[in-house]
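*Asks:* Hey, dropping start_3.cif in here, mmCIF, C-alpha atoms:
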data_upload
#
loop_
_atom_site.group_PDB
_atom_site.id
_atom_site.type_symbol
_atom_site.label_atom_id
_atom_site.label_comp_id
_atom_site.auth_asym_id
_atom_site.auth_seq_id
_atom_site.Cartn_x
_atom_site.Cartn_y
_atom_site.Cartn_z
ATOM 1 C CA MET A 104 -57.044 71.663 -28.465
ATOM 2 C CA ALA A 105 -54.323 73.867 -29.960
ATOM 3 C CA LEU A 106 -53.127 77.073 -28.340
ATOM 4 C CA PRO A 107 -53.953 80.322 -30.138
ATOM 5 C CA GLU A 108 -51.078 81.756 -32.196
ATOM 6 C CA THR A 109 -50.646 84.691 -29.808
ATOM 7 C CA GLU A 110 -50.257 82.550 -26.680
ATOM 8 C CA ALA A 111 -46.670 81.738 -25.736
ATOM 9 C CA PRO A 112 -45.751 78.088 -25.197
ATOM 10 C CA ALA A 113 -44.971 76.988 -21.647
ATOM 11 C CA LEU A 114 -41.287 77.267 -20.852
ATOM 12 C CA ARG A 115 -39.526 74.175 -19.613
ATOM 13 C CA SER A 116 -37.077 74.686 -16.785
ATOM 14 C CA ALA A 117 -33.544 73.610 -17.589
ATOM 15 C CA SER A 118 -32.281 70.537 -15.787
ATOM 16 C CA LEU A 119 -29.704 70.851 -13.045
ATOM 17 C CA ALA A 120 -27.282 68.746 -15.087
ATOM 18 C CA HIS A 121 -27.546 71.100 -18.081
ATOM 19 C CA ARG A 122 -27.099 74.178 -15.901
ATOM 20 C CA LEU A 123 -24.061 72.716 -14.140
ATOM 21 C CA ALA A 124 -22.519 71.645 -17.465
ATOM 22 C CA SER A 125 -23.097 75.142 -18.804
ATOM 23 C CA MET A 126 -21.423 76.566 -15.689
ATOM 24 C CA VAL A 127 -18.329 74.412 -16.276
ATOM 25 C CA TYR A 128 -18.117 75.667 -19.859
ATOM 26 C CA GLU A 129 -18.806 79.208 -18.609
ATOM 27 C CA SER A 130 -15.830 78.961 -16.256
ATOM 28 C CA LEU A 131 -13.546 78.574 -19.289
ATOM 29 C CA VAL A 132 -15.056 81.652 -20.949
ATOM 30 C CA VAL A 133 -14.797 83.610 -17.694
ATOM 31 C CA ALA A 134 -11.135 82.597 -17.317
ATOM 32 C CA ALA A 135 -10.412 83.843 -20.847
ATOM 33 C CA ILE A 136 -12.226 87.128 -20.186
ATOM 34 C CA LEU A 137 -10.381 87.656 -16.905
ATOM 35 C CA LEU A 138 -7.020 86.883 -18.499
ATOM 36 C CA THR A 139 -7.664 89.253 -21.388
ATOM 37 C CA ALA A 140 -8.972 91.995 -19.094
ATOM 38 C CA SER A 141 -5.965 91.579 -16.783
ATOM 39 C CA LEU A 142 -3.333 92.202 -19.429
ATOM 40 C CA PRO A 143 -3.793 95.975 -19.857
ATOM 41 C CA TYR A 144 -4.181 96.501 -16.107
ATOM 42 C CA LEU A 145 -1.109 94.488 -15.212
ATOM 43 C CA GLY A 146 0.843 96.083 -18.056
ATOM 44 C CA ALA A 147 0.087 99.526 -16.647
ATOM 45 C CA ALA A 148 0.950 98.532 -13.080
ATOM 46 C CA THR A 149 4.337 99.835 -12.013
ATOM 47 C CA SER A 150 4.551 97.786 -8.831
ATOM 48 C CA ARG A 151 3.104 94.689 -7.184
ATOM 49 C CA LEU A 152 -0.634 94.497 -6.699
ATOM 50 C CA GLU A 153 -0.965 95.218 -2.998
ATOM 51 C CA GLY A 154 -3.350 97.149 -0.820
ATOM 52 C CA LEU A 155 -5.610 99.591 -2.638
ATOM 53 C CA THR A 156 -4.178 98.715 -6.062
ATOM 54 C CA ARG A 157 -5.094 95.069 -5.552
ATOM 55 C CA HIS A 158 -8.644 95.941 -4.453
ATOM 56 C CA LEU A 159 -9.100 98.267 -7.437
ATOM 57 C CA PHE A 160 -7.875 95.503 -9.748
ATOM 58 C CA GLN A 161 -10.338 93.020 -8.218
ATOM 59 C CA ALA A 162 -13.207 95.526 -8.509
ATOM 60 C CA TYR A 163 -12.225 96.122 -12.141
ATOM 61 C CA LEU A 164 -12.410 92.379 -12.878
ATOM 62 C CA VAL A 165 -15.822 92.072 -11.174
ATOM 63 C CA LEU A 166 -17.019 95.024 -13.288
ATOM 64 C CA VAL A 167 -15.687 93.466 -16.509
ATOM 65 C CA LEU A 168 -17.487 90.190 -15.769
ATOM 66 C CA GLY A 169 -20.629 92.116 -14.858
ATOM 67 C CA LEU A 170 -20.548 93.920 -18.206
ATOM 68 C CA TYR A 171 -20.120 90.599 -20.025
ATOM 69 C CA PHE A 172 -22.992 88.836 -18.270
ATOM 70 C CA VAL A 173 -25.419 91.765 -18.248
ATOM 71 C CA TRP A 174 -24.738 92.477 -21.932
ATOM 72 C CA CYS A 175 -25.295 88.816 -22.909
ATOM 73 C CA TRP A 176 -28.432 88.393 -20.801
ATOM 74 C CA ARG A 177 -29.903 91.672 -22.089
ATOM 75 C CA ARG A 178 -29.003 90.919 -25.704
ATOM 76 C CA GLY A 179 -30.717 87.557 -25.910
ATOM 77 C CA GLY A 180 -30.757 85.890 -22.519
ATOM 78 C CA GLN A 181 -27.730 83.755 -23.310
ATOM 79 C CA THR A 182 -23.983 83.625 -22.966
ATOM 80 C CA LEU A 183 -21.987 81.464 -25.399
ATOM 81 C CA PRO A 184 -22.071 78.416 -23.069
ATOM 82 C CA MET A 185 -25.814 78.899 -22.540
ATOM 83 C CA LYS A 186 -26.279 78.846 -26.331
ATOM 84 C CA ALA A 187 -24.234 75.655 -26.565
ATOM 85 C CA TRP A 188 -26.400 73.988 -23.915
ATOM 86 C CA LYS A 189 -29.623 75.517 -25.293
ATOM 87 C CA LEU A 190 -30.376 77.475 -22.142
ATOM 88 C CA ARG A 191 -31.850 80.950 -21.763
ATOM 89 C CA VAL A 192 -32.344 83.196 -18.753
ATOM 90 C CA VAL A 193 -35.699 84.971 -18.622
ATOM 91 C CA ARG A 194 -37.855 86.764 -16.099
ATOM 92 C CA ARG A 195 -40.147 84.573 -14.026
ATOM 93 C CA ASP A 196 -43.008 85.283 -16.478
ATOM 94 C CA GLY A 197 -40.897 84.247 -19.485
ATOM 95 C CA THR A 198 -40.153 87.737 -20.801
ATOM 96 C CA PRO A 199 -36.600 88.947 -21.534
ATOM 97 C CA LEU A 200 -34.478 90.442 -18.767
ATOM 98 C CA GLY A 201 -34.151 94.186 -18.461
ATOM 99 C CA THR A 202 -30.887 95.799 -17.462
ATOM 100 C CA ALA A 203 -31.857 96.220 -13.803
ATOM 101 C CA ARG A 204 -32.945 92.581 -13.447
ATOM 102 C CA ALA A 205 -29.781 91.371 -15.199
ATOM 103 C CA ILE A 206 -27.654 93.445 -12.791
ATOM 104 C CA VAL A 207 -29.535 92.031 -9.790
ATOM 105 C CA ARG A 208 -29.067 88.479 -11.093
ATOM 106 C CA TYR A 209 -25.365 89.051 -11.718
ATOM 107 C CA THR A 210 -24.850 90.591 -8.277
ATOM 108 C CA LEU A 211 -26.623 87.742 -6.467
ATOM 109 C CA ALA A 212 -24.851 85.069 -8.526
ATOM 110 C CA ALA A 213 -21.470 86.752 -8.026
ATOM 111 C CA LEU A 214 -22.002 86.935 -4.268
ATOM 112 C CA ALA A 215 -23.074 83.300 -4.025
ATOM 113 C CA LEU A 216 -21.116 81.504 -6.723
ATOM 114 C CA GLY A 217 -18.174 83.898 -6.905
ATOM 115 C CA SER A 218 -17.479 83.647 -3.193
ATOM 116 C CA ALA A 219 -17.778 79.858 -3.403
ATOM 117 C CA ILE A 220 -15.235 79.673 -6.234
ATOM 118 C CA VAL A 221 -12.769 81.865 -4.341
ATOM 119 C CA ALA A 222 -13.400 79.743 -1.232
ATOM 120 C CA ALA A 223 -12.747 76.533 -3.163
ATOM 121 C CA PHE A 224 -9.344 77.835 -4.284
ATOM 122 C CA ALA A 225 -8.554 78.901 -0.707
ATOM 123 C CA LEU A 226 -9.599 75.504 0.638
ATOM 124 C CA TRP A 227 -7.430 73.777 -1.930
ATOM 125 C CA ARG A 228 -4.422 75.608 -0.491
ATOM 126 C CA GLN A 229 -5.528 75.579 3.173
ATOM 127 C CA PRO A 230 -8.203 72.921 3.848
ATOM 128 C CA ARG A 231 -8.685 73.992 7.477
ATOM 129 C CA ALA A 232 -9.395 77.688 6.804
ATOM 130 C CA ALA A 233 -12.683 78.332 8.638
ATOM 131 C CA GLY A 234 -13.387 81.563 6.737
ATOM 132 C CA ALA A 235 -13.134 79.730 3.416
ATOM 133 C CA TRP A 236 -15.643 77.137 4.580
ATOM 134 C CA LEU A 237 -18.033 79.962 5.484
ATOM 135 C CA ALA A 238 -17.499 81.612 2.092
ATOM 136 C CA LEU A 239 -18.314 78.294 0.400
ATOM 137 C CA ALA A 240 -21.758 78.160 2.041
ATOM 138 C CA PRO A 241 -23.633 80.666 -0.209
ATOM 139 C CA GLY A 242 -22.562 78.834 -3.374
ATOM 140 C CA LEU A 243 -23.594 75.486 -1.974
ATOM 141 C CA ALA A 244 -26.870 76.987 -0.746
ATOM 142 C CA THR A 245 -27.803 78.386 -4.156
ATOM 143 C CA VAL A 246 -27.126 75.073 -5.917
ATOM 144 C CA LEU A 247 -28.729 72.892 -3.225
ATOM 145 C CA TRP A 248 -31.773 75.174 -3.240
ATOM 146 C CA SER A 249 -32.513 73.939 -6.769
ATOM 147 C CA LEU A 250 -33.147 70.461 -5.355
ATOM 148 C CA VAL A 251 -36.132 71.715 -3.332
ATOM 149 C CA ASP A 252 -37.311 74.624 -5.491
ATOM 150 C CA ARG A 253 -40.623 73.918 -7.258
ATOM 151 C CA ASP A 254 -39.150 75.081 -10.605
ATOM 152 C CA ARG A 255 -35.690 73.600 -9.883
ATOM 153 C CA GLN A 256 -34.115 77.080 -10.054
ATOM 154 C CA PHE A 257 -31.028 78.243 -8.191
ATOM 155 C CA LEU A 258 -31.577 80.463 -5.157
ATOM 156 C CA HIS A 259 -30.063 83.514 -6.856
ATOM 157 C CA ASP A 260 -32.567 83.065 -9.712
ATOM 158 C CA ARG A 261 -35.472 82.760 -7.295
ATOM 159 C CA LEU A 262 -34.375 85.926 -5.468
ATOM 160 C CA ALA A 263 -33.752 87.855 -8.711
ATOM 161 C CA GLY A 264 -37.100 86.835 -10.214
ATOM 162 C CA THR A 265 -35.442 84.992 -13.091
ATOM 163 C CA ARG A 266 -35.504 81.466 -14.514
ATOM 164 C CA VAL A 267 -33.131 79.408 -16.604
ATOM 165 C CA VAL A 268 -35.187 77.597 -19.223
ATOM 166 C CA ARG A 269 -34.604 75.326 -22.183
ATOM 167 C CA ASP A 270 -34.181 77.403 -25.336
ATOM 168 C CA GLU A 271 -36.587 75.684 -27.691
ATOM 169 C CA MET A 272 -37.125 78.545 -30.129
ATOM 170 C CA ARG A 273 -36.222 78.215 -33.791
ATOM 171 C CA ARG A 274 -33.153 80.091 -34.951
ATOM 172 C CA GLY A 275 -33.277 82.317 -37.988
ATOM 173 C CA THR A 276 -37.037 82.224 -38.567
ATOM 174 C CA GLY A 277 -37.845 85.210 -36.396
ATOM 175 C CA ASN A 278 -41.361 83.917 -35.853
ATOM 176 C CA GLY A 279 -40.884 82.986 -32.176
ATOM 177 C CA LYS A 280 -42.627 79.619 -32.595
ATOM 178 C CA PRO A 281 -41.342 76.527 -30.817
ATOM 179 C CA GLN A 282 -39.131 74.233 -32.828
ATOM 180 C CA THR A 283 -41.008 71.219 -34.205
ATOM 181 C CA GLU A 284 -39.828 67.661 -34.528
ATOM 182 C CA SER A 285 -40.573 67.556 -38.259
ATOM 183 C CA GLY A 286 -37.607 67.661 -40.588
ATOM 184 C CA PRO A 287 -37.174 68.978 -44.133
ATOM 185 C CA GLY A 288 -39.828 67.808 -46.537
ATOM 186 C CA THR A 289 -42.273 66.753 -43.826
ATOM 187 C CA SER A 290 -45.410 68.538 -42.927
ATOM 188 C CA PRO A 291 -46.312 69.193 -39.308
ATOM 189 C CA GLY A 292 -49.179 67.491 -38.087
#
Please lay out the structure from this file as structure tokens.

*Replies:*
Amino acid sequence: MALPETEAPALRSASLAHRLASMVYESLVVAAILLTASLPYLGAATSRLEGLTRHLFQAYLVLVLGLYFVWCWRRGGQTLPMKAWKLRVVRRDGTPLGTARAIVRYTLAALALGSAIVAAFALWRQPRAAGAWLALAPGLATVLWSLVDRDRQFLHDRLAGTRVVRDEMRRGTGNGKPQTESGPGTSPG
């Protein structure tokens, strides 16, 4: 029995492999954004980044990344790497993210994954740094959570009330219907 036209199709959760691959690609985009955002700040700096100046610079970079992610997730639920991997972030019920939910998701992801990335760099330089091992824990916890979560979502998504799903909508048609397997010249059916 076919679903009525007004009923939305069930959303398929994205696989862990696709999400991790998207995160690797995302790290390249993030690096480019951070480099570009750093240039005007470092150009205006008259001395070394120490103390308060360093903390302001770090807060500025976190804000720049927050603007990037929140803008992308609000605009269509996708960053460039998410588009490449056909992923979309939505609310738990499948509706688009609002600004507040996107900010919550970014904050939770930054705390978990951001601290883990910083910890990984610290551990690379000093493998016995106990604080770095502790900072690595939230990132590992959010990824490992997806192995036991019923929808295979990361912990920060579960806490934010969001999901990363496969983006199976047609592009350019504007009708919001799922993409079909039929090609040009074939009739669905």

*Asks:* Name the residues in contact with Cys175 in chain A at a cut-off of 12 Å, using all atoms listed in the file, excluding same-chain residues fewer than 5 positions from it; report them as a ChimeraX atom specification.

*Replies:* /A:168-170,180-186,191-193,199-202,205-206,209

*Asks:* Starting from the shown file, work through the PyMOL selection byres ((chain A and resi 123) around 12) and note down what comes out as number ranges by chain.

*Replies:* A: 117-122, 124-130, 184-185, 188, 190, 216, 246-247, 249, 256-257, 267

*Asks:* In Å, rounded to a single decimal, give me how far CA of Leu237 in chain A is from CA of Val207 in chain A.

*Replies:*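 According to the coordinates, CA of Val207 in chain A and CA of Leu237 in chain A are separated by 22.6 Å.
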
*Asks:* Quick one: distance from CA of Gly217 in chain A to CA of Gly242 in chain A in Å, one decimal?

*Replies:*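 Computed distance, CA of Gly217 in chain A to CA of Gly242 in chain A, equals 7.6 Å.
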
*Asks:* Using the chain letters and residue numbers of this document, give as a list in words the residues selected by the PyMOL selection byres ((chain A and resi 270) around 8).

*Replies:* Lys189, Leu190, Arg191, Val268, Arg269, Glu271 and Met272 of chain A

*Asks:* Could you state which residues are captured by the PyMOL selection byres ((chain A and resi 114) around 8) in this file, as a list in words?

*Replies:* Pro112, Ala113, Arg115, Ser116, Gly197, Val268 and Arg269 of chain A

*Asks:* With distances taken over all atoms listed in the file, which of A:Thr139, A:Leu214, A:Thr198, A:Asp252 is nearest to Gly179 in chain A?

*Replies:*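 Among the listed residues, the smallest separation from Gly179 in chain A belongs to A:Thr198.
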
*Asks:* Could you tell me which of A:Arg157, A:Thr265, A:Val167, A:Leu131 comes closest to Ala203 in chain A if we count all atoms listed in the file?

*Replies:*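 Looking only at the distances to Ala203 in chain A, the closest residue turns out to be A:Thr265.
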
*Asks:* Find, counting only C-alpha atoms, the residue in A:Asp260, A:Ala187, A:Arg208, A:Arg178 that gets nearest to Trp248 in chain A.

*Replies:*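 With only C-alpha atoms as the atom set, the closest residue is A:Asp260.
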
*Asks:* Between A:Val132, A:Ile220, A:Leu137, A:Ala240, which is the closest to Phe160 in chain A once you count only C-alpha atoms?

*Replies:*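 Using only C-alpha atoms, Phe160 in chain A sits closest to A:Leu137.
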
*Asks:* So which one's closest to Arg177 in chain A, A:Leu155, A:Ala222, A:Ala135, A:Arg204? Using all atoms listed in the file, please.

*Replies:*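 Of all the options, A:Arg204 lies closest to Arg177 in chain A.
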